[in-house]
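**Student:** One file is attached below, work-v5.txt, containing compact mmCIF, C-alpha atoms.
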# COMPACT_ATOMS: atom_id res chain seq x y z
CA MET A 1 5.23 -18.41 52.14
CA ALA A 2 3.42 -15.32 50.87
CA ILE A 3 4.89 -12.72 48.55
CA LYS A 4 3.54 -9.27 49.37
CA ILE A 5 2.60 -7.04 46.44
CA GLN A 6 1.66 -3.39 46.78
CA VAL A 7 -0.92 -2.86 44.04
CA THR A 8 -1.87 0.74 44.90
CA LYS A 9 -1.03 3.07 47.78
CA SER A 10 -3.99 1.72 49.71
CA LYS A 11 -4.03 -1.90 48.51
CA THR A 12 -1.58 -4.71 49.26
CA ILE A 13 -2.19 -8.35 48.42
CA GLU A 14 -0.38 -11.60 49.22
CA LEU A 15 0.45 -14.33 46.73
CA ASN A 16 0.50 -17.54 48.74
CA ASP A 17 1.42 -19.92 45.95
CA LEU A 18 4.96 -18.55 45.51
CA SER A 19 8.33 -18.83 47.21
CA LEU A 20 11.65 -17.06 46.90
CA THR A 21 12.70 -19.67 44.35
CA SER A 22 9.75 -18.76 42.11
CA THR A 23 10.62 -16.93 38.90
CA VAL A 24 9.43 -13.50 37.89
CA GLY A 25 7.38 -15.19 35.19
CA GLU A 26 5.62 -17.29 37.83
CA LEU A 27 5.05 -14.15 39.88
CA LYS A 28 3.32 -12.54 36.89
CA LYS A 29 1.10 -15.58 36.32
CA SER A 30 0.11 -15.70 39.98
CA PHE A 31 -0.62 -11.98 40.05
CA ALA A 32 -2.72 -12.22 36.87
CA ASN A 33 -4.77 -15.02 38.43
CA LYS A 34 -5.57 -12.77 41.38
CA GLU A 35 -5.92 -9.47 39.53
CA LYS A 36 -7.65 -10.51 36.29
CA LYS A 37 -7.43 -7.09 34.66
CA PHE A 38 -3.63 -7.05 34.68
CA TYR A 39 -2.49 -9.71 32.22
CA GLU A 40 1.18 -10.68 32.28
CA THR A 41 2.57 -8.32 29.62
CA ARG A 42 0.83 -5.42 31.35
CA GLN A 43 2.74 -5.96 34.60
CA SER A 44 5.94 -4.40 35.93
CA PHE A 45 7.46 -5.04 39.35
CA LYS A 46 10.15 -3.41 41.44
CA PHE A 47 11.26 -3.05 45.05
CA ASN A 48 13.59 -0.89 47.12
CA LYS A 49 16.66 -2.51 48.65
CA PRO A 50 16.41 -2.15 52.44
CA GLU A 51 20.10 -1.25 52.82
CA ASP A 52 20.33 1.70 50.44
CA LYS A 53 16.78 2.18 49.08
CA SER A 54 18.04 1.67 45.52
CA ILE A 55 15.42 0.45 43.06
CA VAL A 56 15.57 -3.11 41.70
CA ARG A 57 13.36 -3.87 38.70
CA LEU A 58 12.25 -7.45 38.13
CA SER A 59 12.75 -7.40 34.37
CA ASP A 60 13.87 -10.96 33.57
CA ASP A 61 11.01 -13.48 33.68
CA LYS A 62 13.44 -16.39 34.01
CA LYS A 63 15.29 -15.13 37.10
CA THR A 64 14.08 -16.12 40.56
CA LEU A 65 12.97 -13.66 43.21
CA LYS A 66 15.87 -14.80 45.36
CA GLU A 67 18.35 -13.99 42.60
CA TYR A 68 17.02 -10.44 42.58
CA GLY A 69 17.50 -10.17 46.35
CA VAL A 70 13.87 -10.46 47.43
CA THR A 71 13.44 -11.53 51.08
CA ASN A 72 10.46 -12.32 53.30
CA GLU A 73 10.45 -8.75 54.62
CA ILE A 74 10.31 -7.04 51.23
CA THR A 75 7.10 -5.76 49.65
CA ILE A 76 7.21 -5.71 45.85
CA THR A 77 5.58 -2.75 44.11
CA PHE A 78 3.38 -3.35 41.07
CA LYS A 79 3.08 -0.89 38.17
CA ASP A 80 0.39 -1.08 35.49
CA LEU A 81 1.99 -0.64 32.06
CA GLY A 82 -1.42 0.00 30.51
CA PRO A 83 -3.08 -1.81 27.60
CA GLN A 84 -0.56 -3.65 25.46
CA ILE A 85 -0.35 -4.68 21.81
CA GLY A 86 2.04 -7.09 20.10
CA TYR A 87 5.20 -5.63 18.54
CA ARG A 88 4.66 -7.58 15.34
CA THR A 89 1.07 -6.36 15.07
CA VAL A 90 2.15 -2.73 15.45
CA PHE A 91 4.85 -3.09 12.80
CA VAL A 92 2.51 -4.75 10.32
CA ILE A 93 -0.08 -1.98 10.68
CA GLU A 94 2.32 0.96 10.65
CA TYR A 95 4.16 -0.29 7.54
CA LEU A 96 1.04 -1.34 5.65
CA GLY A 97 -0.44 2.15 5.82
CA PRO A 98 2.26 3.90 3.74
CA ILE A 99 1.92 1.27 1.00
CA LEU A 100 -1.85 1.61 0.78
CA ILE A 101 -1.75 5.41 0.93
CA MET A 102 0.85 5.62 -1.84
CA LEU A 103 -1.07 3.18 -4.05
CA PHE A 104 -4.27 5.14 -3.41
CA TYR A 105 -2.57 8.33 -4.62
CA ALA A 106 -1.03 6.43 -7.54
CA ALA A 107 -4.53 5.57 -8.78
CA ARG A 108 -5.09 9.35 -9.08
CA PRO A 109 -8.68 9.48 -7.81
CA SER A 110 -10.64 12.22 -9.55
CA PHE A 111 -11.86 13.84 -6.33
CA ILE A 112 -8.21 14.60 -5.43
CA PHE A 113 -6.41 15.20 -8.71
CA GLY A 114 -9.25 15.96 -11.14
CA ALA A 115 -11.18 13.91 -13.66
CA GLU A 116 -8.44 13.93 -16.32
CA ALA A 117 -5.59 12.99 -13.98
CA SER A 118 -5.94 9.20 -14.28
CA SER A 119 -5.37 9.31 -18.03
CA MET A 120 -2.31 11.60 -17.88
CA VAL A 121 1.11 10.05 -18.47
CA TYR A 122 3.21 9.47 -15.33
CA ASP A 123 6.66 11.02 -15.15
CA PRO A 124 9.20 8.12 -15.10
CA ILE A 125 10.83 9.52 -11.95
CA ALA A 126 7.46 9.65 -10.20
CA LYS A 127 6.90 6.00 -11.13
CA LEU A 128 10.36 5.16 -9.81
CA GLY A 129 9.58 6.96 -6.56
CA ILE A 130 6.32 5.05 -6.11
CA TYR A 131 8.05 1.71 -6.75
CA CYS A 132 10.90 2.51 -4.35
CA TRP A 133 8.53 3.73 -1.64
CA CYS A 134 6.41 0.59 -1.79
CA LEU A 135 9.42 -1.74 -2.05
CA HIS A 136 10.93 -0.18 1.07
CA PHE A 137 7.83 -0.84 3.17
CA LEU A 138 7.32 -4.29 1.66
CA LYS A 139 10.87 -5.04 2.79
CA ARG A 140 9.91 -3.89 6.27
CA GLU A 141 6.86 -6.14 6.29
CA TYR A 142 9.04 -9.08 5.23
CA GLU A 143 11.49 -8.32 8.04
CA THR A 144 8.63 -8.08 10.53
CA PHE A 145 7.43 -11.59 9.69
CA PHE A 146 10.67 -13.40 8.88
CA VAL A 147 13.69 -11.53 10.27
CA HIS A 148 13.07 -9.64 13.51
CA LYS A 149 13.25 -11.34 16.89
CA PHE A 150 11.63 -9.12 19.49
CA SER A 151 13.07 -8.92 22.99
CA ARG A 152 9.64 -8.02 24.35
CA PRO A 153 6.32 -9.43 23.13
CA THR A 154 4.29 -6.23 23.48
CA MET A 155 4.43 -2.44 23.64
CA PRO A 156 1.94 0.13 25.01
CA PHE A 157 -1.20 0.24 22.85
CA PHE A 158 -0.85 4.03 22.44
CA ASN A 159 2.37 3.47 20.48
CA LEU A 160 0.29 2.09 17.61
CA PHE A 161 -1.17 5.55 17.01
CA LYS A 162 2.13 7.37 17.56
CA ASN A 163 4.12 5.12 15.23
CA SER A 164 1.41 4.87 12.60
CA GLY A 165 0.80 8.62 12.74
CA TYR A 166 4.41 9.26 11.74
CA TYR A 167 4.52 6.87 8.79
CA TRP A 168 0.94 7.34 7.63
CA GLY A 169 1.18 11.11 7.99
CA PHE A 170 4.34 11.43 5.92
CA ALA A 171 2.99 8.96 3.35
CA THR A 172 0.11 11.39 2.92
CA ILE A 173 2.24 14.48 2.45
CA VAL A 174 4.94 12.79 0.32
CA GLY A 175 2.54 10.76 -1.83
CA TYR A 176 0.44 13.73 -2.90
CA PRO A 177 3.17 15.70 -4.76
CA LEU A 178 4.84 12.50 -6.01
CA CYS A 179 1.64 11.25 -7.67
CA HIS A 180 0.34 14.65 -8.74
CA PRO A 181 0.02 15.17 -12.55
CA ALA A 182 2.06 18.36 -12.17
CA PHE A 183 5.02 16.53 -10.57
CA THR A 184 8.31 17.93 -11.86
CA ALA A 185 11.37 15.71 -11.51
CA PRO A 186 14.82 17.16 -10.75
CA GLY A 187 16.03 15.51 -13.96
CA ASP A 188 15.43 12.58 -16.28
CA MET A 189 16.59 8.99 -15.81
CA SER A 190 20.01 9.87 -17.21
CA SER A 191 20.57 12.82 -14.84
CA LEU A 192 23.41 12.58 -12.33
CA SER A 193 21.15 13.50 -9.39
CA VAL A 194 18.71 10.72 -10.24
CA LYS A 195 21.49 8.14 -10.71
CA VAL A 196 23.24 9.15 -7.48
CA GLY A 197 20.01 9.26 -5.46
CA LEU A 198 18.86 5.88 -6.76
CA LEU A 199 22.26 4.32 -6.09
CA ILE A 200 22.23 5.62 -2.52
CA TRP A 201 18.72 4.23 -2.05
CA ILE A 202 19.64 0.76 -3.38
CA VAL A 203 22.85 0.49 -1.33
CA SER A 204 20.98 1.64 1.76
CA GLN A 205 18.19 -0.93 1.38
CA VAL A 206 20.72 -3.74 1.03
CA GLY A 207 22.78 -2.38 3.93
CA ASN A 208 19.76 -1.97 6.19
CA PHE A 209 18.54 -5.50 5.47
CA THR A 210 22.02 -6.91 6.08
CA CYS A 211 22.20 -5.21 9.49
CA HIS A 212 18.81 -6.60 10.49
CA VAL A 213 19.85 -10.13 9.55
CA MET A 214 23.12 -9.76 11.49
CA LEU A 215 21.25 -8.55 14.58
CA ARG A 216 18.76 -11.40 14.24
CA ASN A 217 21.57 -13.96 14.14
CA LEU A 218 23.02 -12.55 17.36
CA ARG A 219 19.79 -13.01 19.33
CA PRO A 220 19.36 -16.68 20.34
CA ALA A 221 15.56 -16.55 20.46
CA ALA A 222 12.60 -14.20 20.57
CA GLY A 223 12.21 -12.73 24.03
CA SER A 224 15.91 -12.97 24.84
CA LYS A 225 17.43 -9.92 26.52
CA LEU A 226 20.93 -11.00 25.47
CA ARG A 227 22.73 -8.27 23.53
CA PRO A 228 26.12 -9.51 22.29
CA ILE A 229 28.48 -6.97 20.76
CA PRO A 230 27.91 -6.99 16.98
CA SER A 231 30.92 -6.70 14.72
CA GLY A 232 31.71 -6.53 11.03
CA PHE A 233 30.25 -4.44 8.26
CA LEU A 234 29.27 -0.92 9.41
CA PHE A 235 28.96 -2.21 13.00
CA ASP A 236 32.71 -1.62 13.28
CA TYR A 237 32.04 2.13 13.11
CA VAL A 238 28.62 2.73 14.68
CA SER A 239 26.39 1.01 17.22
CA CYS A 240 23.24 1.24 15.09
CA PRO A 241 24.09 1.03 11.37
CA ASN A 242 20.54 -0.12 10.60
CA TYR A 243 19.42 3.42 11.52
CA THR A 244 22.29 4.89 9.51
CA PHE A 245 21.18 3.05 6.37
CA GLU A 246 17.55 3.89 7.03
CA VAL A 247 18.33 7.60 6.95
CA THR A 248 20.70 7.45 3.96
CA GLY A 249 18.03 5.52 2.06
CA TRP A 250 15.56 8.38 2.49
CA ILE A 251 18.28 10.88 1.59
CA GLY A 252 18.72 9.02 -1.70
CA PHE A 253 14.94 8.94 -2.25
CA SER A 254 14.73 12.69 -1.59
CA ILE A 255 17.56 13.41 -4.02
CA PHE A 256 16.10 11.56 -7.00
CA THR A 257 12.49 12.68 -6.42
CA GLY A 258 13.32 16.25 -5.36
CA ILE A 259 10.28 16.40 -3.05
CA LEU A 260 10.69 18.85 -0.15
CA ALA A 261 8.30 16.87 2.07
CA SER A 262 10.59 13.87 1.68
CA TYR A 263 13.51 15.87 3.08
CA ALA A 264 11.31 16.78 6.06
CA PHE A 265 10.43 13.09 6.48
CA THR A 266 14.13 12.26 6.42
CA LEU A 267 15.05 14.93 8.97
CA VAL A 268 12.34 13.92 11.45
CA GLY A 269 13.32 10.28 11.03
CA PHE A 270 16.99 11.11 11.62
CA LEU A 271 16.23 12.99 14.85
CA GLN A 272 14.12 10.14 16.22
CA MET A 273 16.53 7.38 15.20
CA TYR A 274 19.53 9.28 16.51
CA ASP A 275 17.80 9.49 19.89
CA TRP A 276 17.19 5.72 19.80
CA ALA A 277 20.78 5.11 18.68
CA LYS A 278 22.17 7.11 21.61
CA GLY A 279 20.09 5.02 23.98
CA LYS A 280 21.30 1.74 22.50
CA HIS A 281 24.88 3.02 22.40
CA SER A 282 24.65 3.85 26.10
CA GLY A 283 23.23 0.36 26.69
CA TYR A 284 26.28 -1.23 25.12
CA LEU A 285 28.61 0.99 27.17
CA LYS A 286 26.76 0.14 30.37
CA ALA A 287 26.79 -3.59 29.64
CA TYR A 288 30.38 -3.91 28.40
CA GLY A 289 32.19 -0.87 29.83
CA ASP A 290 35.75 -0.40 28.62
CA ASP A 291 35.52 -3.43 26.30
CA TYR A 292 32.98 -1.52 24.23
CA LYS A 293 34.45 1.94 24.77
CA LYS A 294 37.79 0.91 23.30
CA LEU A 295 36.05 0.03 20.04
CA ARG A 296 35.62 3.79 19.55
CA ARG A 297 32.29 3.51 17.78
CA ALA A 298 29.88 6.39 17.25
CA ALA A 299 26.17 5.93 17.93
CA MET A 300 24.88 6.37 14.39
CA VAL A 301 27.01 8.70 12.26
CA PRO A 302 30.49 7.21 11.63
CA PHE A 303 33.31 9.17 13.30
CA LEU A 304 30.93 11.93 14.42
CA ALA A 305 28.00 11.02 16.65
Kindly return the structure encoded in the file as structure tokens.

**Tutor:**
Amino acid sequence: MAIKIQVTKSKTIELNDLSLTSTVGELKKSFANKEKKFYETRQSFKFNKPEDKSIVRLSDDKKTLKEYGVTNEITITFKDLGPQIGYRTVFVIEYLGPILIMLFYAARPSFIFGAEASSMVYDPIAKLGIYCWCLHFLKREYETFFVHKFSRPTMPFFNLFKNSGYYWGFATIVGYPLCHPAFTAPGDMSSLSVKVGLLIWIVSQVGNFTCHVMLRNLRPAAGSKLRPIPSGFLFDYVSCPNYTFEVTGWIGFSIFTGILASYAFTLVGFLQMYDWAKGKHSGYLKAYGDDYKKLRRAAMVPFLA
């Protein structure tokens, strides 16, 4: 039989090598063979149910067309997701930038800080801030290669610039005052603010890494859409404790360095991650209903939101 695909408003094609028992993955391969421009990760398919016109999205490559309710009379609609880039590639690039930018500032090039800057003694807190900044993003690179299992292989290519712009941009505005010869710390290494801020940063890095490992262990394999309910540790109080620890880590960094731009970085990060956390929290509620609701978890901030 032929599977009808509406490519554009004026163009419909038929895929004659498929049947209703073909999987969505096979549909994508067949479509890519016919429409060379649209490789598999660039494709999205949906159709309207004849009975109520509700939209069904063919999101699981392993499910058959029949399982989704496709019949001989249905025309499937194609959507171009645009140029794609691998998740891992994006993460590597966006996390590498902040390390290189910070190390560039740390070298105190004369055309930025003046000819004498490179020979001036670094404030110990500034050194601590540089080490912590670089260690954080090295941890992220390690997680990208050895911890994370991605549910999708790619993301829109434009996201590379959006994600990198955030991290690279704030690395630029945080690194400059941190590495500047005139940097003034909020205290010395024995000050309470420095001790508290550093402690918060350390606990947060360990907590964040622990959450990522726990999430990895719940996902059976890369590409799996399975999302079991996590439990234990801070997961008993919030849906996304990895975001919680990410934000508290930058709060600690801001406290012991005293850099205003770092507080701005933390605030913007919190707003973005809270939006993501709400989406994932809603996903759990949709998937598990009352079983998840009765756990009485917040999205990201324990007991609050």

**Student:** What does the structure give for the distance between atom CA of A:Leu304 and atom CA of A:Lys162, in Å to one decimal?

**Tutor:**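 Result for atom CA of A:Leu304 versus atom CA of A:Lys162: 29.3 Å, one decimal.
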
**Student:** Skip A:Trp133 itself and residues of its chain fewer than 2 positions away, then list as a VMD selection string all residues within 10 Å of it, counting all atoms listed in the file.

**Tutor:** chain A and resid 98 to 99 102 to 103 127 to 131 135 to 138 171 174 to 175 250 253

**Student:** Kindly indicate which residue among A:Leu65, A:Phe270, A:Ala2, A:Ser231 lies nearest to A:Thr248, using only C-alpha atoms for the distances.

**Tutor:**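 For A:Thr248, the nearest of the given residues is A:Phe270.
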
**Student:** Grab the atom CA of A:Ser254 to atom CA of A:Phe233 distance for me, in Å with one decimal place.

**Tutor:**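 Between atom CA of A:Ser254 and atom CA of A:Phe233 the gap works out to 25.1 Å.
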
**Student:** Could you tell me which of A:Gln6, A:Tyr176, A:Thr154, A:Thr210 comes closest to A:Ala261 if we count all atoms listed in the file?

**Tutor:** A:Tyr176

**Student:** Using all atoms listed in the file, which of A:Phe256, A:Phe31, A:Tyr263, A:Phe145 sits nearest A:Leu192?

**Tutor:**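 Closest residue, counting all atoms listed in the file: A:Phe256.
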
**Student:** Under the rule that all atoms listed in the file are counted, which of A:Tyr166, A:Tyr39, A:Phe183, A:Tyr243 is the nearest residue to A:Ala264?

**Tutor:**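 The shortest atom-to-atom distance to A:Ala264 comes from A:Tyr166.
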
**Student:** When you look at stretch 79-96 of chain A with a cut-off of 9 Å (counting all atoms listed in the file), what residues show up, excluding the ones that are within fewer than 5 positions of it in the same chain? I need them as a ChimeraX atom specification.

**Tutor:** /A:7-8,38,41-46,101,137-138,140-141,144-145,148,150,152-161,163-168

**Student:** Rounded to one decimal place, report the atom CA of A:Glu73-atom CA of A:Asn33 distance in Å.

**Tutor:**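 Interatomic distance here is 23.1 Å.
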
**Student:** Could you give me, as JSON, numbers by chain, the residues within 6 Å of stretch 272-277 of chain A, counting only C-alpha atoms and dropping anything in the same chain fewer than 3 positions from it?

**Tutor:** {"A": [240, 269, 280, 281, 299]}

**Student:** Using all atoms listed in the file, find the one residue out of A:Met300, A:Leu178, A:Leu260, A:Met214 that sits nearest to A:Pro124.

**Tutor:**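 Nearest candidate to A:Pro124 out of A:Met300, A:Leu178, A:Leu260, A:Met214: A:Leu178.
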
**Student:** Using all atoms listed in the file, which of A:Pro220, A:Gly169, A:Pro230, A:Gly187 sits nearest A:Tyr292?

**Tutor:**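 The closest residue to A:Tyr292 is A:Pro230.
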
**Student:** If you keep N, CA and C atoms, can you output stretch 24-42 of chain A as a PDB file, in the first residue's frame?

**Tutor:**
ATOM      1  N   VAL A  24       7.435   4.276  12.703  1.00  0.00           N
ATOM      2  CA  VAL A  24       7.675   5.685  12.399  1.00  0.00           C
ATOM      3  C   VAL A  24       9.107   5.876  11.916  1.00  0.00           C
ATOM      4  N   GLY A  25      10.035   5.115  12.496  1.00  0.00           N
ATOM      5  CA  GLY A  25      11.421   5.184  12.051  1.00  0.00           C
ATOM      6  C   GLY A  25      11.562   4.788  10.591  1.00  0.00           C
ATOM      7  N   GLU A  26      10.835   3.755  10.183  1.00  0.00           N
ATOM      8  CA  GLU A  26      10.867   3.323   8.781  1.00  0.00           C
ATOM      9  C   GLU A  26      10.218   4.361   7.886  1.00  0.00           C
ATOM     10  N   LEU A  27       9.183   5.002   8.387  1.00  0.00           N
ATOM     11  CA  LEU A  27       8.551   6.091   7.645  1.00  0.00           C
ATOM     12  C   LEU A  27       9.559   7.209   7.380  1.00  0.00           C
ATOM     13  N   LYS A  28      10.332   7.561   8.390  1.00  0.00           N
ATOM     14  CA  LYS A  28      11.325   8.634   8.248  1.00  0.00           C
ATOM     15  C   LYS A  28      12.407   8.261   7.229  1.00  0.00           C
ATOM     16  N   LYS A  29      12.855   7.018   7.270  1.00  0.00           N
ATOM     17  CA  LYS A  29      13.869   6.574   6.311  1.00  0.00           C
ATOM     18  C   LYS A  29      13.335   6.627   4.889  1.00  0.00           C
ATOM     19  N   SER A  30      12.108   6.148   4.708  1.00  0.00           N
ATOM     20  CA  SER A  30      11.497   6.148   3.381  1.00  0.00           C
ATOM     21  C   SER A  30      11.311   7.573   2.866  1.00  0.00           C
ATOM     22  N   PHE A  31      10.868   8.457   3.758  1.00  0.00           N
ATOM     23  CA  PHE A  31      10.654   9.850   3.356  1.00  0.00           C
ATOM     24  C   PHE A  31      11.986  10.512   2.995  1.00  0.00           C
ATOM     25  N   ALA A  32      13.031  10.222   3.757  1.00  0.00           N
ATOM     26  CA  ALA A  32      14.355  10.801   3.479  1.00  0.00           C
ATOM     27  C   ALA A  32      14.902  10.308   2.142  1.00  0.00           C
ATOM     28  N   ASN A  33      14.595   9.081   1.776  1.00  0.00           N
ATOM     29  CA  ASN A  33      15.037   8.554   0.484  1.00  0.00           C
ATOM     30  C   ASN A  33      14.367   9.283  -0.679  1.00  0.00           C
ATOM     31  N   LYS A  34      13.138   9.737  -0.430  1.00  0.00           N
ATOM     32  CA  LYS A  34      12.389  10.418  -1.495  1.00  0.00           C
ATOM     33  C   LYS A  34      12.635  11.916  -1.491  1.00  0.00           C
ATOM     34  N   GLU A  35      12.773  12.480  -0.316  1.00  0.00           N
ATOM     35  CA  GLU A  35      13.017  13.925  -0.170  1.00  0.00           C
ATOM     36  C   GLU A  35      14.394  14.085   0.484  1.00  0.00           C
ATOM     37  N   LYS A  36      15.437  14.097  -0.337  1.00  0.00           N
ATOM     38  CA  LYS A  36      16.816  14.019   0.150  1.00  0.00           C
ATOM     39  C   LYS A  36      17.188  15.127   1.133  1.00  0.00           C
ATOM     40  N   LYS A  37      16.589  16.284   0.975  1.00  0.00           N
ATOM     41  CA  LYS A  37      16.940  17.433   1.819  1.00  0.00           C
ATOM     42  C   LYS A  37      16.573  17.187   3.279  1.00  0.00           C
ATOM     43  N   PHE A  38      15.506  16.434   3.500  1.00  0.00           N
ATOM     44  CA  PHE A  38      14.954  16.294   4.846  1.00  0.00           C
ATOM     45  C   PHE A  38      15.423  14.991   5.491  1.00  0.00           C
ATOM     46  N   TYR A  39      16.637  15.031   6.070  1.00  0.00           N
ATOM     47  CA  TYR A  39      17.155  13.862   6.757  1.00  0.00           C
ATOM     48  C   TYR A  39      16.286  13.545   7.978  1.00  0.00           C
ATOM     49  N   GLU A  40      16.470  12.355   8.534  1.00  0.00           N
ATOM     50  CA  GLU A  40      15.518  11.810   9.505  1.00  0.00           C
ATOM     51  C   GLU A  40      15.291  12.687  10.733  1.00  0.00           C
ATOM     52  N   THR A  41      16.361  13.231  11.309  1.00  0.00           N
ATOM     53  CA  THR A  41      16.195  14.029  12.527  1.00  0.00           C
ATOM     54  C   THR A  41      15.572  15.395  12.249  1.00  0.00           C
ATOM     55  N   ARG A  42      15.419  15.728  10.974  1.00  0.00           N
ATOM     56  CA  ARG A  42      14.808  17.002  10.602  1.00  0.00           C
ATOM     57  C   ARG A  42      13.292  16.863  10.401  1.00  0.00           C
TER      58      ARG A  42
END
